[in-house]
Amino acid sequence: MREQAAAKGRKILASLDYPLRPVEKGYANRSLYVNLTDRAILSKPVTDEMKEIFIGGRGFGLWYLWNAVTEKTKWDDPENEIVISAGPIGGITQYPGAGKSIVVTLSPTTGTVIDSNVGGHFGPLLKFSGWDALEIQGQAEKDVIIFIDGNAGRVTIEEAGPGPGDSHLIIEQLMDIYAPTEEDKRHVSVVTTGTGAEHTLIGMLNFSFYDLHRKIVRVKQAGRGGTGTVFRAKKIRALVVKYAGVKGDSNGPADKKKINAAGIRLHREIAALDDRQCRMRRTGTTYLVQIMNDHDILPVHNFKFGSHPDAHRLNDRYWRTRFSPGKADGCWYGCTLACAHVAMEHRLKTGPYKGQVVAVDGPEYETIAGVGSNCGIFDPDSVLELNFYCDTYGIDTISFGNITAFLMECFEKGIINEKITGGLKLTFGNAEAALELLHQMARGEGFGRLAGQGVRRLKRILAEQYGADAAFLQDIGMEAKGLEYSLYVSKESLAQQGGYGLTNKGPQHDEAWLIFMDMVLNQIPTFEDKAEALYYFPMFRTWFSLNGLCKLPWNDIVPADNADTDEPAKVPEHVENYVNLFSGVTGRNITKEDLITMSEAVYNFQRVFNLKMGFGTREHDAVPYRSLGPATVEEYESRADRYDRQLKELAGFDPEGKSTEEKLRALRKYREDQYQRLIDAVYARRGWAANGVPTLETLKRLKIDFPDVVALVEKHLPRQ
Amino acid sequence: MKVIIRATGTFRERFPQGQDRVVVRLERPLPVKEILTEKLGIGTEGLAAVVVDGQYKSRDYVPADGEEVILVSPLGGG
């Protein structure tokens, strides 16, 4: 490899040779620590206590980061880390959706810890190369590449040298170097980002995998919270892992028969039922567009509305014709749910690669709703173009969609104008302006440079520099904790308002997605019901991120008789699968209740981590009013019958003869009160004090009452 | 008596082209699953939930005259 790097003019700055050994019961039992400041490369043991309490994946990331940073550490300080880990189940090939990596770092937009999960091959190949986690600290002087050769047992930090700045070109270049033959390509995964990550705070990371059928490199994204921005601040051009030899038992399972049985059961379900259920194999998550529109929860025009007459142009019927068909689109081996689709042969109409024909990974639902309907853009080609450029620039589509929609509303309200935007007519539906804004973000120029700061900072900037009404911007700017909202209108679901607001990292649906249970099916009508759901589901879903699992095979395919079970929302048969997978891999026999407790420990630890960084208390669980209800007269009047009825039936306020402004105020008072009552109920159920801090009893029950954790929590608990 | 059956999501495709709602005339009350299979010739496999007047119901629910029944297709969501 030294020769290979030298042949490409790449200087090796540091290296570590390490002994190869097999993965045992899901763990490599060591983590790779790389410090880019002093170029130290170390092997760190993974302890039994880490495995017992933090499990892996997000848990390992939180533990390493906790020990690496102080309460004063900022996202761009050298001591901040990027930790990537797959978790013990990650990498098995018998069960769908088992190739996830979880990235943990201090976020540029939230100021506290963020976790972001992603498909692609990096995490599993990292583990099979001998490492449960990759922990990167420090800052390089010049761009570097960290290369892990899992067959040679060698880690190198290499000078990156000159090269392109955008993801699709970086990956192309690096695949030529590290995977020169066709056979090599399947054994290599690259993590990288693009120029947008360098010039904005919303940078994401692309994790690659090789598409054997189409013979192209594909990417999945760790999108949330600015992981790519941290990556570039450390001057990392790319991470490359190479490991040849993935087999069904590479993960060293304790009981292979057990995981085989769970896998076969789910593979059969998918084969028999997916065509009649969500059709993930054919159109992935795009099926959600029409359903969200049908139920008035598809974000339109910066979350003002929940549906649009043109939404059908972006639904799965269209993507069925646009996605490349007939191939197994899993982003890790063995995933028969195979939702990672690709649109081939998109000719770019704008930007630095104008005229080139490219393949676009996705779009998935969140991207379609984010850069599409939420910005009033219903032209699928524009969505594809925005998707491609976000990906190659390393920009999160969810944050970009929110920022652009927020600015469009500000533009239409006259809060900003063409003089401020440098000539961009940021009206809803103007795809050309949205694309130019994106290109400016990537170049770090013009209004795009400002926009790339994210919604929270934009609220402050527009108020301070342009005299905007700060309270109004707070109402309509869809971020909480500094993270932009994922794409579901939560106005009519109190439980989902909590599902977004009472999260650890900010409003991302991977903690709790309760809209249907709550709003459509009305299965959780009381505060206690909602609190129970906001206890169980965030804990359950946290478990996926501890183990390297994808959420989709849990409930985007369900057994034929699932609707007839006692708790269909939990998908009991699949919970049983997870219990068997965990014990089958690790040899630790657990129950379905243990699964929740395992997550609860990590979840509460993350809450305390927020506390450490100056957040994590009740005031930080506040949300913009638009996530609770109609923020403007226009919104109210668009669904006046619904809101008038609610005022009368729920709030005890007679709307007859009242102005819309009066009704808006009355509804707001009611809904804000409901949200506070929900918070009380959820905190109590989670074992937290009224100010949102986990109690000492909770810490002890979960065995995370480490001395520094207890000392920190004691400072923040209300005095008795 | 008559019952209105409304489809959402992928269930729409089991309805006649372009329709998401049909009115079914019944001589006697029937459970939802029988209305679907016997009166409309629509299979119930993949039917995740039935909603009537904003309330979750089982597939055995017997709608009253004039009620609207919403068929919810499987949905993992976000």
# chains A, B, ... in the order shown; residues from 1 in each chain; ligands from 1
call {"tool": "select_by_dssp", "arguments": {"residues": "segment 215-446 of chain A", "states": "strand (DSSP E or B)", "output": "short mmCIF file (atom, residue, chain, number, x, y, z; two decimals) with all heavy atoms, in the first residue's frame"}}
result
data_model
loop_
_atom_site.label_atom_id
_atom_site.label_comp_id
_atom_site.auth_asym_id
_atom_site.auth_seq_id
_atom_site.Cartn_x
_atom_site.Cartn_y
_atom_site.Cartn_z
N ILE A 216 -21.65 0.80 -10.75
CA ILE A 216 -21.40 2.19 -10.37
C ILE A 216 -21.28 2.27 -8.85
O ILE A 216 -21.77 1.41 -8.14
CB ILE A 216 -22.53 3.15 -10.83
CG1 ILE A 216 -23.90 2.68 -10.29
CG2 ILE A 216 -22.55 3.30 -12.34
CD1 ILE A 216 -25.03 3.68 -10.54
N VAL A 217 -20.59 3.32 -8.39
CA VAL A 217 -20.52 3.54 -6.96
C VAL A 217 -21.74 4.34 -6.54
O VAL A 217 -22.10 5.32 -7.17
CB VAL A 217 -19.24 4.32 -6.58
CG1 VAL A 217 -19.17 4.50 -5.06
CG2 VAL A 217 -18.01 3.59 -7.06
N ARG A 218 -22.38 3.89 -5.47
CA ARG A 218 -23.57 4.56 -4.95
C ARG A 218 -23.23 5.16 -3.58
O ARG A 218 -22.25 4.77 -2.95
CB ARG A 218 -24.70 3.54 -4.81
CG ARG A 218 -24.99 2.72 -6.08
CD ARG A 218 -26.00 3.42 -6.95
NE ARG A 218 -27.19 3.70 -6.21
CZ ARG A 218 -28.16 2.81 -5.93
NH1 ARG A 218 -28.07 1.57 -6.37
NH2 ARG A 218 -29.24 3.16 -5.23
N VAL A 219 -24.06 6.08 -3.13
CA VAL A 219 -23.82 6.69 -1.82
C VAL A 219 -25.11 6.78 -1.00
O VAL A 219 -26.20 6.95 -1.53
CB VAL A 219 -23.21 8.11 -1.94
CG1 VAL A 219 -21.74 8.05 -2.29
CG2 VAL A 219 -23.98 8.99 -2.93
N LYS A 220 -24.92 6.66 0.31
CA LYS A 220 -25.98 6.94 1.27
C LYS A 220 -25.47 8.04 2.20
O LYS A 220 -24.26 8.21 2.33
CB LYS A 220 -26.34 5.69 2.09
CG LYS A 220 -26.79 4.50 1.25
CD LYS A 220 -28.09 4.75 0.52
CE LYS A 220 -29.28 4.72 1.44
NZ LYS A 220 -30.55 4.95 0.68
N GLN A 221 -26.38 8.74 2.86
CA GLN A 221 -25.96 9.93 3.56
C GLN A 221 -26.21 9.90 5.07
O GLN A 221 -27.30 9.53 5.49
CB GLN A 221 -26.69 11.17 3.00
CG GLN A 221 -26.33 11.52 1.57
CD GLN A 221 -26.93 10.60 0.52
OE1 GLN A 221 -28.05 10.13 0.69
NE2 GLN A 221 -26.18 10.31 -0.53
N ALA A 222 -25.17 10.28 5.82
CA ALA A 222 -25.36 10.63 7.23
C ALA A 222 -25.67 12.11 7.22
O ALA A 222 -24.78 12.96 7.22
CB ALA A 222 -24.09 10.34 8.03
N ILE A 236 -10.32 16.47 6.65
CA ILE A 236 -10.36 15.10 6.14
C ILE A 236 -10.97 15.15 4.75
O ILE A 236 -12.07 15.66 4.55
CB ILE A 236 -11.22 14.18 7.03
CG1 ILE A 236 -10.76 14.24 8.49
CG2 ILE A 236 -11.15 12.74 6.51
CD1 ILE A 236 -11.71 13.55 9.46
N ARG A 237 -10.25 14.65 3.77
CA ARG A 237 -10.79 14.54 2.41
C ARG A 237 -11.67 13.30 2.33
O ARG A 237 -12.75 13.33 1.75
CB ARG A 237 -9.64 14.43 1.40
CG ARG A 237 -10.02 14.20 -0.06
CD ARG A 237 -10.41 15.48 -0.78
NE ARG A 237 -9.38 16.49 -0.74
CZ ARG A 237 -8.28 16.52 -1.53
NH1 ARG A 237 -8.09 15.58 -2.42
NH2 ARG A 237 -7.40 17.49 -1.41
N ALA A 238 -11.16 12.21 2.91
CA ALA A 238 -11.94 10.97 2.83
C ALA A 238 -11.42 9.94 3.83
O ALA A 238 -10.27 10.00 4.26
CB ALA A 238 -11.88 10.39 1.42
N LEU A 239 -12.30 9.02 4.15
CA LEU A 239 -11.93 7.80 4.86
C LEU A 239 -12.12 6.67 3.86
O LEU A 239 -13.12 6.65 3.13
CB LEU A 239 -12.85 7.56 6.06
CG LEU A 239 -13.11 8.73 7.00
CD1 LEU A 239 -14.17 8.35 8.05
CD2 LEU A 239 -11.83 9.17 7.68
N VAL A 240 -11.18 5.77 3.84
CA VAL A 240 -11.30 4.64 2.92
C VAL A 240 -11.07 3.35 3.70
O VAL A 240 -10.08 3.26 4.45
CB VAL A 240 -10.26 4.73 1.78
CG1 VAL A 240 -10.46 3.57 0.80
CG2 VAL A 240 -10.35 6.06 1.06
N VAL A 241 -11.96 2.40 3.55
CA VAL A 241 -11.72 1.09 4.14
C VAL A 241 -11.77 0.05 3.03
O VAL A 241 -12.56 0.16 2.09
CB VAL A 241 -12.75 0.76 5.26
CG1 VAL A 241 -14.17 0.63 4.71
CG2 VAL A 241 -12.37 -0.52 5.99
N LYS A 242 -10.86 -0.91 3.16
CA LYS A 242 -10.82 -1.99 2.15
C LYS A 242 -10.77 -3.32 2.90
O LYS A 242 -9.90 -3.53 3.74
CB LYS A 242 -9.59 -1.83 1.27
CG LYS A 242 -9.51 -2.84 0.13
CD LYS A 242 -8.35 -2.49 -0.79
CE LYS A 242 -8.35 -3.37 -2.02
NZ LYS A 242 -7.25 -3.01 -2.94
N VAL A 300 -45.91 21.60 2.83
CA VAL A 300 -46.01 22.43 1.64
C VAL A 300 -45.77 23.88 2.05
O VAL A 300 -46.33 24.34 3.06
CB VAL A 300 -47.42 22.28 1.00
CG1 VAL A 300 -47.62 23.31 -0.11
CG2 VAL A 300 -47.62 20.87 0.45
N PHE A 305 -48.89 24.34 4.93
CA PHE A 305 -50.01 23.45 4.58
C PHE A 305 -49.54 21.99 4.56
O PHE A 305 -48.35 21.70 4.58
CB PHE A 305 -50.56 23.83 3.20
CG PHE A 305 -50.76 25.31 3.04
CD1 PHE A 305 -50.06 26.03 2.09
CD2 PHE A 305 -51.65 26.00 3.87
CE1 PHE A 305 -50.24 27.40 1.96
CE2 PHE A 305 -51.84 27.36 3.75
CZ PHE A 305 -51.12 28.08 2.78
N VAL A 342 -32.20 4.22 -7.51
CA VAL A 342 -31.35 5.18 -8.22
C VAL A 342 -32.03 5.60 -9.52
O VAL A 342 -32.66 4.78 -10.19
CB VAL A 342 -29.94 4.57 -8.49
CG1 VAL A 342 -30.03 3.31 -9.32
CG2 VAL A 342 -29.01 5.57 -9.16
N ALA A 343 -31.94 6.88 -9.81
CA ALA A 343 -32.43 7.39 -11.10
C ALA A 343 -31.22 7.57 -12.01
O ALA A 343 -30.33 8.38 -11.72
CB ALA A 343 -33.16 8.71 -10.90
N MET A 344 -31.19 6.81 -13.06
CA MET A 344 -30.05 6.86 -13.98
C MET A 344 -30.27 7.96 -15.02
O MET A 344 -31.39 8.38 -15.28
CB MET A 344 -29.89 5.51 -14.69
CG MET A 344 -29.72 4.32 -13.76
SD MET A 344 -28.20 4.35 -12.81
CE MET A 344 -27.01 3.94 -14.10
N GLU A 345 -29.18 8.38 -15.59
CA GLU A 345 -29.19 9.27 -16.76
C GLU A 345 -29.98 10.55 -16.56
O GLU A 345 -30.86 10.89 -17.35
CB GLU A 345 -29.71 8.50 -17.99
CG GLU A 345 -28.78 7.35 -18.34
CD GLU A 345 -29.24 6.58 -19.56
OE1 GLU A 345 -30.31 6.91 -20.10
OE2 GLU A 345 -28.53 5.65 -19.95
N HIS A 346 -29.64 11.24 -15.51
CA HIS A 346 -30.18 12.60 -15.35
C HIS A 346 -29.17 13.59 -15.94
O HIS A 346 -28.01 13.62 -15.53
CB HIS A 346 -30.41 12.91 -13.86
CG HIS A 346 -30.80 14.34 -13.62
ND1 HIS A 346 -32.05 14.84 -13.95
CD2 HIS A 346 -30.10 15.40 -13.13
CE1 HIS A 346 -32.10 16.13 -13.65
NE2 HIS A 346 -30.93 16.49 -13.16
N ARG A 347 -29.64 14.38 -16.88
CA ARG A 347 -28.74 15.39 -17.48
C ARG A 347 -28.86 16.68 -16.68
O ARG A 347 -29.93 17.25 -16.56
CB ARG A 347 -29.11 15.65 -18.95
CG ARG A 347 -28.12 16.61 -19.64
CD ARG A 347 -28.45 16.78 -21.11
NE ARG A 347 -28.22 15.57 -21.88
CZ ARG A 347 -27.02 15.17 -22.33
NH1 ARG A 347 -25.96 15.89 -22.08
NH2 ARG A 347 -26.92 14.05 -23.01
N VAL A 357 -24.23 13.85 -17.69
CA VAL A 357 -25.30 12.89 -17.38
C VAL A 357 -24.85 12.09 -16.16
O VAL A 357 -23.77 11.49 -16.15
CB VAL A 357 -25.57 11.97 -18.58
CG1 VAL A 357 -26.61 10.91 -18.21
CG2 VAL A 357 -26.03 12.79 -19.78
N VAL A 358 -25.69 12.11 -15.13
CA VAL A 358 -25.29 11.49 -13.87
C VAL A 358 -26.38 10.53 -13.37
O VAL A 358 -27.53 10.61 -13.79
CB VAL A 358 -25.05 12.57 -12.79
CG1 VAL A 358 -23.87 13.46 -13.16
CG2 VAL A 358 -26.31 13.42 -12.55
N ALA A 359 -25.96 9.67 -12.44
CA ALA A 359 -26.93 8.84 -11.71
C ALA A 359 -27.21 9.53 -10.38
O ALA A 359 -26.28 10.04 -9.75
CB ALA A 359 -26.35 7.45 -11.47
N VAL A 360 -28.48 9.56 -9.99
CA VAL A 360 -28.85 10.22 -8.73
C VAL A 360 -29.37 9.18 -7.76
O VAL A 360 -30.36 8.49 -8.04
CB VAL A 360 -29.94 11.30 -8.96
CG1 VAL A 360 -30.18 12.07 -7.67
CG2 VAL A 360 -29.55 12.25 -10.08
N ASP A 361 -28.70 9.06 -6.62
CA ASP A 361 -29.18 8.14 -5.58
C ASP A 361 -30.44 8.70 -4.96
O ASP A 361 -30.45 9.81 -4.45
CB ASP A 361 -28.11 7.95 -4.51
CG ASP A 361 -27.11 6.90 -4.95
OD1 ASP A 361 -27.44 5.70 -4.84
OD2 ASP A 361 -26.03 7.28 -5.42
N ILE A 395 -24.32 18.38 1.24
CA ILE A 395 -25.30 19.19 1.97
C ILE A 395 -26.54 18.34 2.28
O ILE A 395 -27.05 17.62 1.41
CB ILE A 395 -25.68 20.44 1.14
CG1 ILE A 395 -24.52 21.45 1.20
CG2 ILE A 395 -26.98 21.07 1.64
CD1 ILE A 395 -24.75 22.71 0.41
#
call {"tool": "interface_residues", "arguments": {"of": "chain B", "to": "chain A", "cutoff": "6 Å", "atoms": "only C-alpha atoms", "output": "short mmCIF file (atom, residue, chain, number, x, y, z; two decimals) with all heavy atoms, in the first residue's frame"}}
result
data_model
loop_
_atom_site.label_atom_id
_atom_site.label_comp_id
_atom_site.auth_asym_id
_atom_site.auth_seq_id
_atom_site.Cartn_x
_atom_site.Cartn_y
_atom_site.Cartn_z
N GLY B 9 -53.57 5.72 0.14
CA GLY B 9 -52.28 5.11 -0.17
C GLY B 9 -52.39 4.06 -1.25
O GLY B 9 -53.13 4.21 -2.22
N GLY B 46 -52.87 -6.98 3.44
CA GLY B 46 -52.21 -5.68 3.39
C GLY B 46 -53.05 -4.55 3.93
O GLY B 46 -52.61 -3.40 3.91
N ALA B 48 -53.97 -2.43 6.69
CA ALA B 48 -53.34 -2.21 8.00
C ALA B 48 -54.36 -1.79 9.04
O ALA B 48 -54.25 -2.17 10.20
CB ALA B 48 -52.26 -1.15 7.89
N GLN B 55 -61.88 7.04 14.36
CA GLN B 55 -61.53 6.02 15.36
C GLN B 55 -61.03 4.75 14.67
O GLN B 55 -61.59 4.31 13.67
CB GLN B 55 -62.75 5.65 16.22
CG GLN B 55 -63.33 6.82 17.00
CD GLN B 55 -62.36 7.40 18.03
OE1 GLN B 55 -61.68 6.66 18.73
NE2 GLN B 55 -62.28 8.72 18.09
N TYR B 56 -59.99 4.15 15.26
CA TYR B 56 -59.44 2.90 14.77
C TYR B 56 -60.43 1.76 15.01
O TYR B 56 -60.99 1.64 16.09
CB TYR B 56 -58.12 2.64 15.51
CG TYR B 56 -57.49 1.32 15.23
CD1 TYR B 56 -56.81 1.09 14.04
CD2 TYR B 56 -57.55 0.29 16.17
CE1 TYR B 56 -56.20 -0.13 13.79
CE2 TYR B 56 -56.94 -0.93 15.92
CZ TYR B 56 -56.28 -1.14 14.73
OH TYR B 56 -55.68 -2.34 14.48
N PRO B 74 -50.72 -0.31 4.71
CA PRO B 74 -49.58 -0.42 5.63
C PRO B 74 -48.66 0.78 5.48
O PRO B 74 -48.45 1.26 4.37
CB PRO B 74 -48.88 -1.70 5.17
CG PRO B 74 -49.90 -2.46 4.45
CD PRO B 74 -50.79 -1.46 3.81
N GLY B 76 -45.13 2.36 7.32
CA GLY B 76 -44.09 2.45 8.34
C GLY B 76 -43.89 3.89 8.76
O GLY B 76 -43.66 4.20 9.91
N GLY B 78 -42.14 7.65 8.91
CA GLY B 78 -40.77 8.15 9.04
C GLY B 78 -39.98 7.38 10.06
O GLY B 78 -40.48 6.53 10.74
#
call {"tool": "residues_around", "arguments": {"residues": "Ile704 of chain A", "least_positions_apart": "3", "cutoff": "7 Å", "atoms": "only C-alpha atoms", "output": "JSON, numbers by chain"}}
result
{"A": [601, 699, 700]}
call {"tool": "atom_distance", "arguments": {"atom1": "atom CA of Leu32 of chain A", "atom2": "atom CA of Val602 of chain A"}}
result
21.3 Å
call {"tool": "residues_around", "arguments": {"residues": "segment 57-64 of chain B", "least_positions_apart": "6", "cutoff": "6 Å", "atoms": "only C-alpha atoms", "output": "short mmCIF file (atom, residue, chain, number, x, y, z; two decimals) with all heavy atoms, in the first residue's frame"}}
result
data_model
loop_
_atom_site.label_atom_id
_atom_site.label_comp_id
_atom_site.auth_asym_id
_atom_site.auth_seq_id
_atom_site.Cartn_x
_atom_site.Cartn_y
_atom_site.Cartn_z
N LEU B 30 -72.91 -5.70 7.27
CA LEU B 30 -71.82 -6.67 7.07
C LEU B 30 -70.54 -6.12 7.67
O LEU B 30 -70.32 -4.90 7.68
CB LEU B 30 -71.58 -6.92 5.58
CG LEU B 30 -72.60 -7.72 4.80
CD1 LEU B 30 -72.20 -7.75 3.31
CD2 LEU B 30 -72.70 -9.14 5.34
N PRO B 31 -69.64 -7.01 8.13
CA PRO B 31 -68.33 -6.54 8.58
C PRO B 31 -67.54 -5.95 7.39
O PRO B 31 -67.76 -6.35 6.23
CB PRO B 31 -67.65 -7.80 9.10
CG PRO B 31 -68.71 -8.82 9.22
CD PRO B 31 -69.80 -8.46 8.28
N VAL B 32 -66.60 -5.07 7.71
CA VAL B 32 -65.83 -4.41 6.66
C VAL B 32 -65.14 -5.44 5.75
O VAL B 32 -65.16 -5.31 4.53
CB VAL B 32 -64.76 -3.47 7.28
CG1 VAL B 32 -63.82 -2.94 6.20
CG2 VAL B 32 -65.44 -2.31 8.00
N LYS B 33 -64.56 -6.45 6.35
CA LYS B 33 -63.81 -7.40 5.52
C LYS B 33 -64.72 -8.11 4.52
O LYS B 33 -64.32 -8.42 3.40
CB LYS B 33 -63.02 -8.41 6.37
CG LYS B 33 -63.82 -9.35 7.21
CD LYS B 33 -62.87 -10.22 8.03
CE LYS B 33 -63.66 -11.19 8.88
NZ LYS B 33 -62.81 -11.91 9.84
N VAL B 50 -58.56 0.12 9.75
CA VAL B 50 -59.82 0.68 9.29
C VAL B 50 -60.15 1.84 10.23
O VAL B 50 -60.04 1.71 11.44
CB VAL B 50 -60.94 -0.39 9.36
CG1 VAL B 50 -62.29 0.24 9.11
CG2 VAL B 50 -60.66 -1.51 8.38
N VAL B 51 -60.52 2.97 9.66
CA VAL B 51 -60.85 4.13 10.49
C VAL B 51 -62.28 4.57 10.18
O VAL B 51 -62.65 4.75 9.01
CB VAL B 51 -59.88 5.30 10.22
CG1 VAL B 51 -60.29 6.53 11.02
CG2 VAL B 51 -58.46 4.89 10.58
#
call {"tool": "residues_around", "arguments": {"residues": "segment 368-385 of chain A", "least_positions_apart": "2", "cutoff": "9 Å", "atoms": "only C-alpha atoms", "output": "PyMOL selection string"}}
result
chain A and resi 286+289+298-305+307-308+310-315+318-319+343+346-350+360-366+387-390+397-402+404-406+408+427-432+434-435+486-488
call {"tool": "write_last_selection", "arguments": {"atoms": "C-alpha atoms", "output": "mmCIF file, in the first residue's frame"}}
result
data_model
loop_
_atom_site.group_PDB
_atom_site.id
_atom_site.type_symbol
_atom_site.label_atom_id
_atom_site.label_comp_id
_atom_site.auth_asym_id
_atom_site.auth_seq_id
_atom_site.Cartn_x
_atom_site.Cartn_y
_atom_site.Cartn_z
ATOM 1 C CA THR A 286 -41.473 7.516 -2.106
ATOM 2 C CA VAL A 289 -45.634 11.197 -0.617
ATOM 3 C CA LEU A 298 -47.041 16.544 3.567
ATOM 4 C CA PRO A 299 -45.141 19.796 4.200
ATOM 5 C CA VAL A 300 -46.011 22.428 1.635
ATOM 6 C CA HIS A 301 -44.667 26.007 1.557
ATOM 7 C CA ASN A 302 -42.529 25.895 4.673
ATOM 8 C CA PHE A 303 -44.972 23.676 6.583
ATOM 9 C CA LYS A 304 -47.830 26.135 6.131
ATOM 10 C CA PHE A 305 -50.010 23.448 4.579
ATOM 11 C CA SER A 307 -51.229 18.981 0.926
ATOM 12 C CA HIS A 308 -51.092 20.384 -2.578
ATOM 13 C CA ASP A 310 -49.683 19.007 -7.629
ATOM 14 C CA ALA A 311 -48.284 16.559 -5.088
ATOM 15 C CA HIS A 312 -49.210 13.640 -7.331
ATOM 16 C CA ARG A 313 -46.404 14.730 -9.665
ATOM 17 C CA LEU A 314 -43.904 13.652 -7.021
ATOM 18 C CA ASN A 315 -45.547 10.455 -5.853
ATOM 19 C CA TYR A 318 -43.827 8.787 -11.116
ATOM 20 C CA TRP A 319 -40.734 7.371 -9.404
ATOM 21 C CA ALA A 343 -32.431 7.391 -11.102
ATOM 22 C CA HIS A 346 -30.181 12.599 -15.345
ATOM 23 C CA ARG A 347 -28.743 15.387 -17.483
ATOM 24 C CA LEU A 348 -27.736 18.288 -15.269
ATOM 25 C CA LYS A 349 -29.116 21.632 -16.310
ATOM 26 C CA THR A 350 -27.259 23.903 -13.902
ATOM 27 C CA VAL A 360 -28.849 10.223 -8.733
ATOM 28 C CA ASP A 361 -29.179 8.136 -5.584
ATOM 29 C CA GLY A 362 -32.765 8.432 -4.465
ATOM 30 C CA PRO A 363 -34.627 10.650 -4.018
ATOM 31 C CA GLU A 364 -36.182 9.334 -0.858
ATOM 32 C CA TYR A 365 -39.324 10.699 0.776
ATOM 33 C CA GLU A 366 -37.556 13.233 2.983
ATOM 34 C CA ASN A 387 -30.833 15.911 -4.844
ATOM 35 C CA PHE A 388 -27.729 15.328 -6.949
ATOM 36 C CA TYR A 389 -26.112 18.618 -6.063
ATOM 37 C CA CYS A 390 -26.923 18.345 -2.359
ATOM 38 C CA THR A 397 -31.339 17.741 1.840
ATOM 39 C CA ILE A 398 -33.609 18.037 4.892
ATOM 40 C CA SER A 399 -31.833 21.116 6.223
ATOM 41 C CA PHE A 400 -31.463 22.609 2.765
ATOM 42 C CA GLY A 401 -35.187 22.161 2.087
ATOM 43 C CA ASN A 402 -36.118 23.817 5.364
ATOM 44 C CA THR A 404 -34.882 27.383 1.381
ATOM 45 C CA ALA A 405 -38.570 27.151 2.269
ATOM 46 C CA PHE A 406 -38.045 29.463 5.256
ATOM 47 C CA MET A 408 -38.982 31.698 0.408
ATOM 48 C CA THR A 427 -40.576 32.587 -4.289
ATOM 49 C CA PHE A 428 -42.228 29.243 -3.628
ATOM 50 C CA GLY A 429 -41.879 27.041 -6.669
ATOM 51 C CA ASN A 430 -38.866 28.819 -8.125
ATOM 52 C CA ALA A 431 -36.587 25.835 -8.682
ATOM 53 C CA GLU A 432 -34.050 27.900 -10.583
ATOM 54 C CA ALA A 434 -33.372 27.262 -5.196
ATOM 55 C CA LEU A 435 -30.642 25.681 -7.322
ATOM 56 C CA SER A 486 -37.766 16.399 9.158
ATOM 57 C CA LEU A 487 -40.695 16.405 6.779
ATOM 58 C CA TYR A 488 -44.003 15.734 8.485
#
call {"tool": "residues_around", "arguments": {"residues": "Gly41 of chain B", "least_positions_apart": "4", "cutoff": "10 Å", "atoms": "only C-alpha atoms", "output": "ChimeraX atom specification"}}
result
/B:14-15,34-37
call {"tool": "write_last_selection", "arguments": {"atoms": "all heavy atoms", "output": "short mmCIF file (atom, residue, chain, number, x, y, z; two decimals), in the first residue's frame"}}
result
data_model
loop_
_atom_site.label_atom_id
_atom_site.label_comp_id
_atom_site.auth_asym_id
_atom_site.auth_seq_id
_atom_site.Cartn_x
_atom_site.Cartn_y
_atom_site.Cartn_z
N ARG B 14 -56.53 -0.63 -5.78
CA ARG B 14 -57.47 -1.74 -5.88
C ARG B 14 -58.88 -1.24 -6.22
O ARG B 14 -59.79 -2.03 -6.41
CB ARG B 14 -57.49 -2.53 -4.57
CG ARG B 14 -56.10 -3.03 -4.20
CD ARG B 14 -56.15 -3.99 -3.04
NE ARG B 14 -54.84 -4.06 -2.41
CZ ARG B 14 -54.56 -4.81 -1.37
NH1 ARG B 14 -55.50 -5.56 -0.84
NH2 ARG B 14 -53.35 -4.84 -0.85
N PHE B 15 -59.02 0.07 -6.23
CA PHE B 15 -60.29 0.67 -6.59
C PHE B 15 -60.32 0.94 -8.10
O PHE B 15 -59.28 0.97 -8.74
CB PHE B 15 -60.48 1.99 -5.82
CG PHE B 15 -61.08 1.81 -4.45
CD1 PHE B 15 -60.73 0.72 -3.67
CD2 PHE B 15 -61.98 2.72 -3.96
CE1 PHE B 15 -61.26 0.55 -2.41
CE2 PHE B 15 -62.53 2.56 -2.69
CZ PHE B 15 -62.16 1.47 -1.92
N GLU B 34 -65.97 -8.34 4.91
CA GLU B 34 -66.90 -9.00 3.98
C GLU B 34 -67.39 -8.03 2.90
O GLU B 34 -67.61 -8.42 1.76
CB GLU B 34 -68.08 -9.60 4.74
CG GLU B 34 -67.68 -10.86 5.49
CD GLU B 34 -68.84 -11.50 6.23
OE1 GLU B 34 -69.98 -11.43 5.72
OE2 GLU B 34 -68.61 -12.04 7.32
N ILE B 35 -67.53 -6.80 3.28
CA ILE B 35 -67.91 -5.80 2.25
C ILE B 35 -66.83 -5.76 1.17
O ILE B 35 -67.12 -5.73 -0.03
CB ILE B 35 -68.09 -4.40 2.88
CG1 ILE B 35 -69.24 -4.42 3.89
CG2 ILE B 35 -68.33 -3.35 1.81
CD1 ILE B 35 -69.40 -3.12 4.68
N LEU B 36 -65.58 -5.78 1.65
CA LEU B 36 -64.48 -5.69 0.69
C LEU B 36 -64.40 -6.92 -0.20
O LEU B 36 -64.33 -6.83 -1.43
CB LEU B 36 -63.15 -5.49 1.42
CG LEU B 36 -63.00 -4.17 2.17
CD1 LEU B 36 -61.65 -4.11 2.89
CD2 LEU B 36 -63.10 -2.98 1.21
N THR B 37 -64.42 -8.10 0.43
CA THR B 37 -64.21 -9.31 -0.36
C THR B 37 -65.44 -9.70 -1.17
O THR B 37 -65.33 -10.07 -2.34
CB THR B 37 -63.81 -10.49 0.56
OG1 THR B 37 -64.78 -10.60 1.59
CG2 THR B 37 -62.44 -10.27 1.17
#
